[in-house]
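Printed here is structure-v5.txt (compact mmCIF, C-alpha atoms):
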```
# COMPACT_ATOMS: atom_id res chain seq x y z
CA MET A 1 233.66 118.53 32.72
CA SER A 2 233.40 117.71 29.05
CA SER A 3 230.29 115.78 28.12
CA ASP A 4 232.23 113.79 25.47
CA LEU A 5 233.49 111.66 28.30
CA LYS A 6 232.09 108.23 28.99
CA LYS A 7 229.54 107.58 31.67
CA VAL A 8 230.96 105.52 34.49
CA SER A 9 229.18 104.11 37.49
CA PHE A 10 229.83 105.44 40.97
CA ALA A 11 230.76 101.87 41.91
CA GLU A 12 233.61 101.96 39.34
CA VAL A 13 234.71 105.35 40.68
CA VAL A 14 234.76 104.05 44.26
CA SER A 15 236.80 101.05 43.21
CA ARG A 16 239.33 102.91 40.98
CA LEU A 17 239.93 105.74 43.47
CA GLU A 18 239.79 103.47 46.50
CA LEU A 19 237.23 105.79 48.05
CA GLY A 20 235.94 105.60 51.55
CA ILE A 21 232.17 105.62 51.60
CA VAL A 22 231.03 108.13 54.19
CA ASN A 23 227.40 108.30 53.24
CA GLN A 24 225.55 106.20 50.71
CA VAL A 25 222.03 107.01 49.58
CA SER A 26 221.99 105.32 46.17
CA ASP A 27 222.74 102.01 44.52
CA LEU A 28 226.23 102.88 43.27
CA ASP A 29 226.10 100.35 40.40
CA SER A 30 223.19 102.13 38.78
CA LEU A 31 224.25 105.68 39.57
CA TYR A 32 226.44 107.26 36.91
CA VAL A 33 228.98 110.02 36.57
CA GLN A 34 229.32 111.85 33.29
CA ASN A 35 230.08 115.46 34.16
CA LEU A 36 232.19 116.28 37.14
CA ILE A 37 233.88 119.34 38.52
CA LEU A 38 237.09 119.68 40.53
CA SER A 39 237.04 122.84 42.61
CA ASP A 40 237.50 124.28 46.07
CA LEU A 41 235.67 127.42 45.16
CA MET A 42 231.95 126.88 45.64
CA SER A 43 230.98 130.01 43.72
CA ASP A 44 232.73 128.53 40.69
CA VAL A 45 230.75 125.36 41.13
CA LEU A 46 227.54 127.37 41.43
CA MET A 47 228.46 129.18 38.19
CA VAL A 48 228.32 126.01 36.10
CA GLY A 49 225.39 126.20 33.73
CA HIS A 50 225.01 122.52 32.88
CA ASP A 51 224.28 119.34 34.83
CA VAL A 52 227.09 118.06 37.01
CA ASP A 53 226.99 114.67 38.73
CA LEU A 54 230.03 114.78 40.96
CA LEU A 55 232.00 117.35 42.92
CA VAL A 56 235.64 116.62 43.73
CA THR A 57 236.94 119.05 46.32
CA SER A 58 239.40 119.48 49.14
CA LEU A 59 236.95 121.80 50.88
CA ALA A 60 235.92 119.71 53.86
CA THR A 61 233.01 121.82 55.08
CA ASP A 62 229.22 121.68 55.08
CA GLN A 63 229.21 124.12 52.19
CA SER A 64 230.60 121.48 49.80
CA ILE A 65 227.63 119.26 50.58
CA ARG A 66 225.18 122.15 50.37
CA THR A 67 226.63 123.34 47.07
CA ALA A 68 226.38 119.84 45.60
CA SER A 69 222.77 119.67 46.75
CA ILE A 70 221.88 123.07 45.30
CA MET A 71 223.39 121.93 41.99
CA ASP A 72 221.46 118.61 42.02
CA MET A 73 224.64 116.54 42.13
CA SER A 74 224.63 112.92 43.24
CA GLY A 75 227.99 112.78 44.94
CA VAL A 76 230.88 114.58 46.58
CA ILE A 77 234.43 113.30 46.99
CA ILE A 78 236.50 115.00 49.69
CA VAL A 79 240.13 114.60 48.59
CA ASN A 80 243.56 115.16 50.15
CA GLY A 81 242.68 112.77 52.94
CA LYS A 82 240.85 115.58 54.72
CA GLU A 83 238.76 114.69 57.69
CA VAL A 84 235.09 114.38 56.93
CA THR A 85 233.17 115.43 59.99
CA GLU A 86 230.10 113.72 61.41
CA ASN A 87 228.28 116.94 60.74
CA MET A 88 229.08 116.65 57.03
CA ARG A 89 227.96 113.03 56.98
CA ALA A 90 224.67 113.89 58.67
CA LEU A 91 224.12 116.77 56.25
CA ALA A 92 224.87 114.51 53.26
CA GLU A 93 222.33 112.05 54.60
CA GLU A 94 219.76 114.79 55.09
CA LEU A 95 220.30 116.20 51.62
CA GLY A 96 220.56 112.83 49.86
CA ILE A 97 224.17 113.20 48.74
CA ASN A 98 226.54 110.26 48.33
CA LEU A 99 229.66 111.32 50.22
CA PHE A 100 233.10 109.82 49.77
CA SER A 101 236.58 110.43 51.09
CA SER A 102 239.84 109.98 49.20
CA HIS A 103 243.48 109.98 50.19
CA HIS A 104 244.40 111.17 46.69
CA SER A 105 245.16 114.78 45.88
CA LYS A 106 242.55 116.61 43.89
CA TYR A 107 244.82 116.51 40.85
CA HIS A 108 245.50 112.82 41.14
CA ALA A 109 241.85 112.03 41.73
CA GLY A 110 241.10 114.02 38.59
CA CYS A 111 243.64 112.03 36.57
CA LEU A 112 242.22 108.73 37.76
CA LEU A 113 238.69 109.83 36.92
CA TYR A 114 239.81 110.99 33.47
CA ASP A 115 241.45 107.66 32.75
CA LEU A 116 238.35 105.85 33.88
CA GLN A 117 236.14 107.95 31.64
CA GLU A 118 238.52 107.49 28.70
CA GLY A 119 238.15 103.74 29.15
CA ARG A 120 241.77 103.23 30.18
CA MET B 1 197.95 177.25 28.34
CA PRO B 2 199.63 174.42 30.23
CA VAL B 3 197.85 171.56 28.46
CA LYS B 4 199.23 172.58 25.08
CA ASN B 5 202.64 171.02 25.31
CA ILE B 6 201.90 167.97 27.38
CA GLN B 7 201.29 165.83 24.27
CA LEU B 8 198.80 163.52 25.93
CA LEU B 9 197.54 162.00 22.73
CA GLN B 10 200.52 159.94 21.65
CA GLU B 11 200.42 156.49 20.18
CA ASN B 12 202.61 155.31 23.02
CA SER B 13 200.65 157.09 25.75
CA PRO B 14 199.82 154.77 28.64
CA SER B 15 196.53 153.02 27.97
CA ILE B 16 195.15 154.24 31.27
CA LEU B 17 195.69 157.83 30.21
CA LEU B 18 194.03 157.18 26.86
CA ASP B 19 191.17 155.47 28.69
CA VAL B 20 190.61 158.51 30.84
CA ILE B 21 190.68 161.03 28.03
CA TYR B 22 188.32 159.03 25.87
CA ARG B 23 185.98 157.99 28.65
CA SER B 24 185.41 161.43 30.13
CA LYS B 25 182.97 163.63 28.24
CA ILE B 26 183.20 167.39 27.82
CA LYS B 27 179.84 167.73 29.59
CA ASP B 28 181.31 166.02 32.68
CA ILE B 29 184.07 168.59 32.92
CA MET B 30 182.66 171.90 31.68
CA ALA B 31 181.34 174.63 33.91
CA THR B 32 177.59 174.92 33.54
CA LYS B 33 177.14 178.06 35.55
CA LEU B 34 177.33 180.42 32.64
CA VAL B 35 178.13 184.06 32.65
CA THR B 36 177.07 185.54 29.33
CA ALA B 37 176.23 188.91 27.92
CA PRO B 38 174.13 190.19 25.04
CA SER B 39 175.85 191.91 22.14
CA THR B 40 174.35 195.19 23.16
CA VAL B 41 176.61 195.73 26.21
CA THR B 42 179.66 197.96 25.98
CA ILE B 43 183.16 196.62 26.38
CA LYS B 44 183.35 198.47 29.66
CA GLU B 45 180.23 196.65 30.87
CA ALA B 46 181.61 193.35 29.64
CA LYS B 47 184.78 194.06 31.62
CA SER B 48 182.69 194.60 34.77
CA ILE B 49 180.81 191.34 34.19
CA MET B 50 184.12 189.49 33.83
CA LYS B 51 185.52 191.13 36.93
CA GLU B 52 182.39 190.33 38.92
CA ALA B 53 182.34 186.68 37.79
CA GLU B 54 186.12 186.33 38.04
CA VAL B 55 186.43 185.02 34.50
CA THR B 56 188.67 186.11 31.64
CA GLY B 57 186.20 185.70 28.81
CA ILE B 58 182.44 185.54 28.22
CA PRO B 59 180.26 184.24 25.43
CA ILE B 60 178.01 186.74 23.77
CA VAL B 61 174.60 185.20 23.16
CA GLU B 62 171.43 185.87 21.34
CA ASP B 63 168.40 183.59 21.86
CA ASN B 64 170.56 181.12 23.73
CA GLU B 65 172.81 180.78 20.72
CA ILE B 66 176.39 181.90 20.83
CA ILE B 67 177.28 184.62 18.39
CA GLY B 68 180.73 185.61 19.67
CA MET B 69 183.26 185.71 22.48
CA ILE B 70 184.77 188.64 24.28
CA SER B 71 187.91 188.15 26.29
CA ILE B 72 190.17 190.09 28.58
CA ASP B 73 192.53 190.55 25.61
CA ASP B 74 189.77 192.35 23.74
CA VAL B 75 189.33 194.56 26.81
CA PHE B 76 193.06 195.40 26.85
CA ARG B 77 192.92 196.29 23.18
CA ALA B 78 189.90 198.53 23.86
CA ILE B 79 191.79 200.32 26.63
CA ASP B 80 194.77 200.81 24.32
CA GLY B 81 192.54 201.98 21.47
CA ASP B 82 190.34 203.98 23.79
CA TYR B 83 187.02 202.47 22.69
CA MET B 84 185.80 201.02 25.99
CA ASP B 85 182.38 202.57 25.48
CA GLU B 86 181.73 200.89 22.19
CA LEU B 87 179.46 197.84 21.92
CA VAL B 88 180.99 194.37 22.10
CA LEU B 89 179.10 193.51 18.90
CA ASN B 90 181.78 195.31 16.88
CA HIS B 91 184.78 193.98 18.74
CA MET B 92 184.04 190.42 19.81
CA SER B 93 185.55 187.42 18.04
CA THR B 94 182.91 185.93 15.84
CA ASP B 95 184.82 182.97 14.49
CA VAL B 96 184.04 181.10 17.66
CA ILE B 97 185.28 177.56 17.99
CA VAL B 98 182.87 175.49 20.02
CA LEU B 99 182.92 172.02 21.47
CA GLU B 100 179.94 169.74 21.72
CA ASP B 101 178.94 168.42 25.09
CA ASP B 102 178.98 164.77 23.98
CA MET B 103 182.57 164.86 22.74
CA PRO B 104 185.21 162.99 24.72
CA LEU B 105 187.79 164.92 26.70
CA ALA B 106 190.34 163.98 24.04
CA PHE B 107 188.67 166.45 21.65
CA GLY B 108 188.98 169.18 24.24
CA ILE B 109 192.69 168.51 24.61
CA THR B 110 193.16 168.54 20.84
CA TYR B 111 191.30 171.85 20.58
CA PHE B 112 193.47 173.45 23.21
CA GLU B 113 196.54 172.22 21.37
CA LYS B 114 195.25 173.43 18.02
CA PHE B 115 193.66 176.80 18.79
CA LYS B 116 195.14 179.54 20.90
CA TYR B 117 192.07 180.14 23.05
CA GLY B 118 191.90 179.93 26.81
CA ARG B 119 188.32 178.66 26.82
CA PHE B 120 185.78 177.06 24.55
CA PRO B 121 182.01 177.45 24.72
CA VAL B 122 180.20 174.15 24.74
CA ILE B 123 176.97 173.60 22.84
CA ASP B 124 174.49 170.76 22.78
CA LYS B 125 173.18 169.01 19.72
CA ASN B 126 170.55 171.74 19.29
CA ARG B 127 173.41 174.24 19.14
CA LYS B 128 172.29 175.77 22.42
CA LEU B 129 175.06 177.09 24.67
CA VAL B 130 175.23 174.75 27.67
CA GLY B 131 178.66 175.33 29.20
CA ILE B 132 182.17 176.61 28.97
CA ILE B 133 185.41 174.75 29.36
CA THR B 134 188.89 176.03 30.19
CA SER B 135 192.28 174.30 30.13
CA ARG B 136 192.15 174.56 33.88
CA ASP B 137 188.98 172.43 33.93
CA ILE B 138 190.76 169.83 31.80
CA LEU B 139 193.81 169.75 34.02
CA HIS B 140 191.62 169.42 37.04
CA GLU B 141 189.74 166.52 35.52
CA LEU B 142 192.92 164.80 34.36
CA LEU B 143 194.47 165.07 37.78
CA PHE B 144 191.32 163.80 39.42
CA GLN B 145 190.97 160.86 37.05
CA LEU B 146 194.63 159.93 37.10
CA ASN B 147 194.68 160.14 40.85
CA HIS B 148 191.77 157.76 40.90
CA GLU B 149 193.45 155.40 38.42
CA VAL B 150 196.73 155.40 40.32
CA ALA B 151 194.87 154.54 43.51
CA ARG B 152 193.12 151.71 41.71
CA LEU B 153 196.39 150.39 40.27
CA GLU B 154 198.04 150.59 43.65
CA SER B 155 195.30 148.53 45.20
CA GLU B 156 195.66 146.04 42.35
CA ILE B 157 199.37 145.72 43.11
CA ARG B 158 198.53 145.26 46.76
CA SER B 159 196.13 142.46 45.95
CA ASP B 160 198.91 140.88 43.86
CA ASN B 161 200.82 140.64 47.11
CA ASP B 162 197.78 139.32 48.88
CA PRO B 163 198.61 136.13 50.76
CA ASP B 164 195.68 134.41 49.06
CA LEU B 165 197.09 135.19 45.64
CA THR B 166 200.72 134.55 46.42
CA THR B 167 201.31 130.84 46.26
CA LEU B 168 204.06 130.97 48.80
CA LYS B 169 205.85 133.39 51.04
CA GLU B 170 208.63 132.50 53.45
CA VAL B 171 211.04 134.61 55.46
CA PHE B 172 214.31 133.21 56.78
CA LYS B 173 216.57 134.85 59.33
CA ILE B 174 220.27 134.63 58.49
CA LYS B 175 222.85 135.11 61.23
CA LYS B 176 226.26 136.65 60.84
CA MET B 177 229.08 134.12 60.29
CA ASP B 178 226.79 131.22 61.11
CA PHE B 179 228.30 128.74 58.69
CA ALA B 180 226.77 125.73 60.37
CA ASN B 181 223.40 126.99 59.19
CA ALA B 182 224.27 129.00 56.11
CA GLY B 183 222.55 127.25 53.24
CA LYS B 184 219.61 125.96 55.27
CA ALA B 185 217.24 128.62 53.96
CA SER B 186 218.22 127.92 50.36
CA ASN B 187 217.74 124.22 50.95
CA GLU B 188 214.26 124.92 52.33
CA ILE B 189 213.45 127.01 49.30
CA LYS B 190 214.71 124.30 47.00
CA LYS B 191 212.59 121.71 48.77
CA LEU B 192 209.48 123.88 48.53
CA LEU B 193 209.96 124.13 44.78
CA LYS B 194 210.88 120.49 44.25
CA ASP B 195 207.82 119.37 46.17
CA ARG B 196 205.74 121.39 43.75
CA ASN B 197 207.34 119.63 40.77
CA PHE B 198 208.79 122.69 39.10
CA ASP B 199 211.20 122.32 36.19
CA PRO B 200 214.60 121.29 37.65
CA LYS B 201 216.37 124.10 35.78
CA PHE B 202 214.07 126.69 37.33
CA VAL B 203 214.56 125.11 40.75
CA ARG B 204 218.33 125.21 40.35
CA ARG B 205 218.40 128.85 39.25
CA VAL B 206 216.29 129.87 42.23
CA SER B 207 218.39 127.75 44.58
CA VAL B 208 221.69 129.13 43.31
CA ALA B 209 220.46 132.72 43.70
CA ALA B 210 219.11 132.00 47.18
CA TYR B 211 222.28 130.22 48.26
CA GLU B 212 224.68 132.90 47.05
CA LEU B 213 222.56 135.59 48.70
CA GLU B 214 222.30 133.61 51.90
CA ILE B 215 226.07 133.12 52.02
CA ASN B 216 226.52 136.82 51.28
CA ILE B 217 224.41 137.83 54.25
CA ALA B 218 226.31 135.42 56.48
CA ILE B 219 229.79 136.51 55.40
CA HIS B 220 229.43 140.20 54.65
CA SER B 221 226.71 141.58 56.87
CA ASP B 222 225.73 141.76 60.50
CA GLY B 223 222.88 139.41 59.71
CA GLY B 224 219.66 139.79 57.80
CA GLU B 225 216.73 138.14 56.14
CA LEU B 226 216.08 136.14 53.05
CA GLU B 227 212.54 136.51 51.77
CA PHE B 228 211.11 134.13 49.25
CA PHE B 229 207.93 134.69 47.26
CA LEU B 230 206.38 132.46 44.69
CA ASP B 231 203.41 133.17 42.49
CA LYS B 232 202.12 131.72 39.24
CA LYS B 233 204.73 133.46 37.14
CA LYS B 234 207.88 133.84 39.14
CA ALA B 235 210.01 133.30 42.18
CA VAL B 236 211.35 136.37 43.93
CA ILE B 237 214.19 136.34 46.43
CA VAL B 238 214.86 139.43 48.48
CA ALA B 239 218.00 139.51 50.58
CA ARG B 240 217.95 142.26 53.15
CA ASP B 241 220.61 143.08 55.69
CA SER B 242 221.04 145.94 58.12
CA SER B 243 224.69 146.78 57.69
CA PRO B 244 227.40 147.61 56.80
CA GLY B 245 226.36 148.23 53.20
CA ILE B 246 228.43 148.05 50.04
CA GLU B 247 230.87 150.86 49.35
CA ASN B 248 230.88 150.45 45.58
CA VAL B 249 227.98 148.45 44.18
CA GLU B 250 229.30 148.59 40.62
CA LEU B 251 232.55 147.04 41.77
CA ALA B 252 230.73 144.42 43.85
CA LEU B 253 228.96 143.28 40.70
CA LYS B 254 232.25 142.74 38.87
CA GLN B 255 233.38 139.14 38.70
CA GLY B 256 236.40 138.56 40.86
CA PHE B 257 236.05 141.63 43.04
CA SER B 258 235.99 140.60 46.68
CA THR B 259 236.31 142.11 50.10
CA ALA B 260 236.28 138.72 51.81
CA ASP B 261 239.03 137.69 54.24
CA ASN B 262 240.80 134.35 54.45
CA THR B 263 238.28 132.82 56.86
CA ILE B 264 235.61 133.26 54.26
CA LYS B 265 237.89 132.06 51.48
CA SER B 266 238.67 128.93 53.49
CA LEU B 267 234.96 128.17 53.34
CA GLY B 268 234.94 128.10 49.56
CA PHE B 269 233.50 131.54 49.03
CA GLY B 270 234.67 135.11 48.83
CA ALA B 271 236.08 134.97 45.33
CA GLY B 272 233.88 137.76 44.10
CA MET B 273 231.52 135.51 42.21
CA GLY B 274 228.45 135.74 44.41
CA LEU B 275 226.56 138.77 43.15
CA PRO B 276 227.56 138.26 39.50
CA ASN B 277 226.32 134.69 39.80
CA VAL B 278 222.99 135.80 41.28
CA ARG B 279 222.62 138.25 38.43
CA ARG B 280 223.46 135.51 35.92
CA VAL B 281 220.67 133.20 37.04
CA SER B 282 218.08 135.97 37.46
CA ASP B 283 215.68 137.38 34.91
CA GLU B 284 215.57 140.58 36.89
CA PHE B 285 218.17 141.76 39.35
CA ASN B 286 218.14 144.84 41.55
CA ILE B 287 220.50 146.00 44.23
CA THR B 288 220.49 149.02 46.49
CA SER B 289 223.03 149.61 49.16
CA GLU B 290 223.92 152.40 51.48
CA LEU B 291 226.97 152.49 53.70
CA GLY B 292 226.00 152.10 57.31
CA ARG B 293 222.43 151.18 56.42
CA GLY B 294 222.70 147.89 54.60
CA THR B 295 221.93 146.24 51.33
CA ILE B 296 218.83 144.96 49.60
CA VAL B 297 219.16 142.59 46.67
CA GLN B 298 216.16 141.43 44.71
CA ALA B 299 216.38 138.54 42.28
CA VAL B 300 213.42 137.56 40.12
CA ILE B 301 213.39 134.24 38.31
CA LEU B 302 210.55 133.64 35.89
CA ILE B 303 208.99 130.20 35.84
CA ASP B 304 208.88 130.00 32.05
CA SER B 305 212.05 131.92 31.41
CA GLN B 306 214.03 131.51 28.21
CA GLU B 307 217.32 131.64 30.13
CA GLY B 308 219.52 128.60 29.52
CA SER B 309 221.04 127.90 32.90
```

Take the structure in this file and express it as structure tokens.
Amino acid sequence: MSSDLKKVSFAEVVSRLELGIVNQVSDLDSLYVQNLILSDLMSDVLMVGHDVDLLVTSLATDQSIRTASIMDMSGVIIVNGKEVTENMRALAEELGINLFSSHHSKYHAGCLLYDLQEGR
Amino acid sequence: MPVKNIQLLQENSPSILLDVIYRSKIKDIMATKLVTAPSTVTIKEAKSIMKEAEVTGIPIVEDNEIIGMISIDDVFRAIDGDYMDELVLNHMSTDVIVLEDDMPLAFGITYFEKFKYGRFPVIDKNRKLVGIITSRDILHELLFQLNHEVARLESEIRSDNDPDLTTLKEVFKIKKMDFANAGKASNEIKKLLKDRNFDPKFVRRVSVAAYELEINIAIHSDGGELEFFLDKKKAVIVARDSSPGIENVELALKQGFSTADNTIKSLGFGAGMGLPNVRRVSDEFNITSELGRGTIVQAVILIDSQEGS
């Protein structure tokens, strides 16, 4: 969540975390992540006062997509290998959210993202 | 003298009140049907005149000019002193304080505060007696004028809510536990604002408030409505539900306090952050709740607010 971290492209994130692309609305090479939040508690996400680009969550419900949209985020990664429903995909499409799935745990996904942003 | 302690003429008095007391003139308020007596009547006769006219004091005049006042107090003193048959000339007050008919009501109020009289004779610029004014007349006028002003203000407020003046008004129905649709209303609201090119920070604050309130209705109530208003200065979200109401509103506003069960928690909510978060993003936040009757939350977000988030 710190803004000292490097901007990385969504394409790099997809590649490093071996993400499944569930819904793509943007050119991932020119879409960047600087601030991200790892949380399963949507109220915590809604509490954040600054801009966030990416939500990493194990909450596989519509509300993750809706929360990301309310907070003007570009993408959501559903971790823990949780099933992403067709409903969620359709909602992500409707709301213009890039939606990804990951077999990593939330913690591991966070570590990988941190390394990426640290330039490692 | 009821007007005495009201302290209407304060620096911080509402401007409407000051308007009224400076706009109204003594001549608009005073009684012009005068009951007077010459100085040659006895106190007993003066008492009869007062009784007949149902007044508690009369000006004593000579050639249309006031030379004194006789009041019911003077009559009581005459009864006590047993001089009811003497002429009023010797017992009237002669240091009569008068008001001029062109003075604003404010002067009248000041006079009643300053002097211990129940009534003041009113003269015109030729010093002719033209009326009499009592504190009761002033109260009557104040009530009449304020009543009028309040009615005018009320109609102004109504026209503020006029559909022609409100840029936008939308009402969304929210169903109980309908998580497939919870968030739709907030998304609509967000779209309405985005389409109008509002500052993204403002849009986000409104959206967050709307979303938290929408989720609240879905998880805590038996269903309700989310109303959204937009005018040139602000967005207002009103969340209204019919039941069950909040047992302890103060507690509900504390971060981390929650009555949510695990179903709700499994949806990413119910951590006791909702209402505090709505309050955080709002410039104005009101909540009323009654057990068994429901809850109304109003969040106002100003378009050019200084709030950071």

Contact set, chain A to chain B: 8 Å, all atoms listed in the file, as a list of chain:residue names: A:Asp40, A:Leu41, A:Met42, A:Ser43, A:Asp44, A:Leu46, A:Met47, A:Gly49, A:His50, A:Leu59, A:Thr61, A:Asp62, A:Gln63, A:Ser64, A:Arg66, A:Ser69, A:Ile70, A:Met71, A:Asp72

Separation of CA of Gly68 in chain B from CA of Leu105 in chain B in Å: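 Interatomic distance, CA of Leu105 in chain B to CA of Gly68 in chain B: 23.0 Å.
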
Distance in Å - CA of Tyr117 in chain B versus CA of Ser15 in chain B: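 Taking CA of Tyr117 in chain B as the start and CA of Ser15 in chain B as the end point, the length is 27.9 Å.
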
Closest of A:Ala92, A:Leu113, A:Ala60, A:Val45 to Phe10 in chain A - atom-to-atom distances counting all atoms listed in the file: A:Leu113

Can you list, as a PDB file with C-alpha atoms, keeping the file's coordinate frame, every protein, DNA or RNA residue that comes within 9 Å of Lys82 in chain A when you count only C-alpha atoms, leaving out same-chain residues fewer than 4 positions away?
```pdb
ATOM      1  CA  SER A  58     239.400 119.480  49.140  1.00  0.00           C
ATOM      2  CA  LEU A  59     236.950 121.800  50.880  1.00  0.00           C
ATOM      3  CA  ALA A  60     235.920 119.710  53.860  1.00  0.00           C
ATOM      4  CA  ILE A  78     236.500 115.000  49.690  1.00  0.00           C
ATOM      5  CA  SER A 101     236.580 110.430  51.090  1.00  0.00           C
ATOM      6  CA  SER A 102     239.840 109.980  49.200  1.00  0.00           C
ATOM      7  CA  HIS A 103     243.480 109.980  50.190  1.00  0.00           C
TER       8      HIS A 103
END
```

Between CA of Val249 in chain B and CA of Asn262 in chain B - distance in Å to one decimal: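 If I compute the distance from CA of Asn262 in chain B to CA of Val249 in chain B, I get 21.6 Å.
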
Nearest-residue call for Lys106 in chain A, choices A:Leu19, A:Val56, A:Asp51, A:Val8, using all atoms listed in the file: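 Of all the options, A:Val56 lies closest to Lys106 in chain A.
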
Can you tell me which residues surround range 99-101 of chain B at a distance of at most 10 Å, considering only C-alpha atoms, apart from same-chain residues fewer than 2 positions away, and format the answer as an mmCIF file with C-alpha atoms, in the frame of the given file?
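Generated file (part_19.cif):
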```cif
data_model
loop_
_atom_site.group_PDB
_atom_site.id
_atom_site.type_symbol
_atom_site.label_atom_id
_atom_site.label_comp_id
_atom_site.auth_asym_id
_atom_site.auth_seq_id
_atom_site.Cartn_x
_atom_site.Cartn_y
_atom_site.Cartn_z
ATOM 1 C CA LYS B 25 182.970 163.630 28.240
ATOM 2 C CA ILE B 26 183.200 167.390 27.820
ATOM 3 C CA LYS B 27 179.840 167.730 29.590
ATOM 4 C CA ASP B 28 181.310 166.020 32.680
ATOM 5 C CA ILE B 29 184.070 168.590 32.920
ATOM 6 C CA MET B 30 182.660 171.900 31.680
ATOM 7 C CA VAL B 96 184.040 181.100 17.660
ATOM 8 C CA ILE B 97 185.280 177.560 17.990
ATOM 9 C CA MET B 103 182.570 164.860 22.740
ATOM 10 C CA PRO B 104 185.210 162.990 24.720
ATOM 11 C CA LEU B 105 187.790 164.920 26.700
ATOM 12 C CA PHE B 107 188.670 166.450 21.650
ATOM 13 C CA GLY B 108 188.980 169.180 24.240
ATOM 14 C CA TYR B 111 191.300 171.850 20.580
ATOM 15 C CA PHE B 120 185.780 177.060 24.550
ATOM 16 C CA PRO B 121 182.010 177.450 24.720
ATOM 17 C CA VAL B 122 180.200 174.150 24.740
ATOM 18 C CA ILE B 123 176.970 173.600 22.840
ATOM 19 C CA ASP B 124 174.490 170.760 22.780
ATOM 20 C CA LYS B 125 173.180 169.010 19.720
ATOM 21 C CA ASN B 126 170.550 171.740 19.290
ATOM 22 C CA ARG B 127 173.410 174.240 19.140
ATOM 23 C CA LYS B 128 172.290 175.770 22.420
ATOM 24 C CA LEU B 129 175.060 177.090 24.670
ATOM 25 C CA VAL B 130 175.230 174.750 27.670
ATOM 26 C CA GLY B 131 178.660 175.330 29.200
ATOM 27 C CA ILE B 132 182.170 176.610 28.970
ATOM 28 C CA ILE B 133 185.410 174.750 29.360
#
```

Nearby residues, (226.4, 109.4, 37.1) file frame, 10 Å, all atoms listed in the file, as a PyMOL selection string: chain A and resi 6-11+13+28-36+52-54+73-75
